[in-house]
Amino acid sequence: MESAAAVDRSSRAHAEEDLEEANNFEDEPEDDEEEEFDDEELGAYGGSRPSERERMSDLLRRLATAPVRVRVHDVVIKGNTKTKDSLIEAEVVPLFRSASTMQELLQAAAAANARLQRLEIFDSVNIVLDAGPSELPGTANVVINLVEPKNPLSGDIGFYTKPETRGWSVEGLLKLKNMFGYGDIWNAGGAYSWDHTTELTVGLSLPRFMTMSTPFTARTSLLTQDWLKFSSYKERLLGLSLGLFNTVHHELVYNLTWRHLTDPLRMSSTSVRRQLGHSLLSSLKYSYKLDRRNSSIRPTKGYAFLSTSQIGGLGPDSYLSRYVRQEFDLRAAIPLGFFHSALNIGISAGIIMPWGSGFMTSSTPLPERFYMGGNTSPLSLLGGPTSLLGFKMRGLGPTDLRRMIPARADGSGNSSADPGTDALGGDLAVTACADISFDLPLKLLRDSGFYAHAFISSGNLAKLSEGSIKDFSLRQFGQGFRSSAGFGVIVPTKIFRMEVNYCYILRKFEHDKAKTGIQFSFSPLS
């Protein structure tokens, strides 16, 4: 006597499907046995033996109106030729053991299916609920059918363009999955862009590490970035990152990074030259994230919050960069009730300050400061106070005059030429943005996911380190906000979210780099 209920991926989102699957979990008589009904049960069906359809309808009614008691007798795992049973059991058995009703068991099966899929080491996961032993009524067996990939090695390569900067990048990634059977994923990646940014990474991720029940990641990386155009320095990083704790809302990461800043053109300003050379970053970073929006691509209701705290300088070395950095992000979406429209509001703020002996006169690390501008959307992702539509990358905030190149004896060089300025970033940053999104009139565009919006954004940066906090004034900071407004069309694709906006600069200062006109903005989907 047995029946089965398969829980597929879509069952996680629909409770009705869970109830339909539960219909199959009802005892059926064996071919050589006759099921017996007492007088009370027969009376419920008009005195005659119930049909299969009537019994299923009765079970559906019972599931919808009252809990149906059931207990898990055994969990059977099939198809895992390489993956350790202990890994699978640690992921799913606690879910099933805690279920005491059929409704809870169906929910546990959906959650277990999702957990196993998130491991990214199986081609398919199918969970079947079977009746338990006949001598143990009210029990169930859980059968987990797994299909492991025939080839554990996978790769991906892509070419990406940036219309705003007329640049491009090529990125590649190799993954080796489940080599030792512990859900381990080994990956190696590389990226190169037109602006001479190069990144090489090698990493390992484990769903569990020793006694830890949360994922563990380790990654080494070599990164070279060219900031000569904006801040007159090149940056080279060699680092180790350890993901110590990671849940739905919490994340704790330790970073140990060697950094080298150089100025090959010898044109950097005095403020930049002071920070050239080697430094060591030893930091602990904690993040708390809560996202209750109905979509990160086009939110129409809900809210999201992100808090990121980082402390650098953990260690006795004199080369360590010592600072404390805090960021807050808040997003809210309010439906307006017409044309699928919604009001989105976003506020971001961040502060970084040095700590240790003489911190009032010390400087914060140049790469760790806040910079604004560029081609990222201010509302789609929680990324800190960095985006201000209409302004170019590192296009506002404190600056310093670059070194003047004197004319040579042979007439080469031009001492009268404007050397330009270096963007220095800020120790305090605040941005705010509001937009109204709405459907486009053409049905073809609506069906493709296109929609329009009108926006207004504002932001400002200020210096607090090196004694500048003594002269800081909230009134002056408020008067220094830059702002822009405009409208545009959002084009969601399978790999990123693109915005084509017309930006009108409402307010900017002398050294700000901003321009009224068309701007392309890009954001990843998650």
# chains A, B, ... in the order shown; residues from 1 in each chain; ligands from 1
$ select_by_dssp --residues "segment 123-306 of chain A" --states "helix (DSSP H, G or I)" --output "list in words"
Leu228, Lys229, Phe230, Ser231, Thr270, Ser271, Val272 and Arg273 of chain A
$ residues_around --residues "segment 234-244 of chain A" --least-positions-apart "2" --cutoff "6 Å" --atoms "only C-alpha atoms" --output "PyMOL selection string"
chain A and resi 216-227+252-262
$ closest_residue --among "A:Glu171, A:Asp130, A:Asp184, A:Asp471" --to "Pro152 of chain A" --atoms "only C-alpha atoms"
A:Asp184
$ residues_around --residues "segment 295-299 of chain A" --least-positions-apart "3" --cutoff "8 Å" --atoms "only C-alpha atoms" --output "list of chain:residue names"
A:Gly302, A:Ala333, A:Ala342, A:Asn344, A:Ser380, A:Leu381, A:Pro492, A:Arg497, A:Leu525, A:Ser526
$ write_last_selection --atoms "N, CA and C atoms" --output "short mmCIF file (atom, residue, chain, number, x, y, z; two decimals), in the first residue's frame"
data_model
loop_
_atom_site.label_atom_id
_atom_site.label_comp_id
_atom_site.auth_asym_id
_atom_site.auth_seq_id
_atom_site.Cartn_x
_atom_site.Cartn_y
_atom_site.Cartn_z
N GLY A 302 6.63 47.50 -0.76
CA GLY A 302 7.58 46.91 0.19
C GLY A 302 8.71 47.85 0.55
N ALA A 333 8.92 51.32 -1.51
CA ALA A 333 8.09 51.40 -2.70
C ALA A 333 6.62 51.46 -2.28
N ALA A 342 4.16 53.27 -9.22
CA ALA A 342 4.63 53.20 -7.83
C ALA A 342 5.61 54.34 -7.58
N ASN A 344 8.92 55.26 -5.61
CA ASN A 344 10.09 54.66 -4.97
C ASN A 344 10.93 55.75 -4.33
N SER A 380 17.77 50.45 -7.80
CA SER A 380 17.59 49.02 -8.02
C SER A 380 18.32 48.17 -6.99
N LEU A 381 19.53 48.58 -6.59
CA LEU A 381 20.32 47.79 -5.66
C LEU A 381 20.69 48.60 -4.42
N PRO A 492 14.73 45.74 -18.71
CA PRO A 492 15.28 44.59 -18.00
C PRO A 492 15.68 43.49 -18.98
N ARG A 497 20.05 45.08 -15.71
CA ARG A 497 18.95 46.06 -15.82
C ARG A 497 19.53 47.34 -16.42
N LEU A 525 21.08 42.13 -11.85
CA LEU A 525 19.72 41.79 -11.45
C LEU A 525 19.61 41.48 -9.98
N SER A 526 20.73 41.07 -9.29
CA SER A 526 20.67 40.75 -7.89
C SER A 526 22.00 41.03 -7.23
#
$ atom_distance --atom1 "atom CA of Phe370 of chain A" --atom2 "atom CA of Ile518 of chain A"
24.9 Å
$ residues_around --residues "Ala429 of chain A" --least-positions-apart "3" --cutoff "8 Å" --atoms "only C-alpha atoms" --output "PyMOL selection string"
chain A and resi 349-351+370+385+426+459-462
$ residues_around --residues "Ser307 of chain A" --least-positions-apart "6" --cutoff "10 Å" --atoms "only C-alpha atoms" --output "number ranges by chain"
A: 250, 286-290, 326-330, 348-350, 382, 384
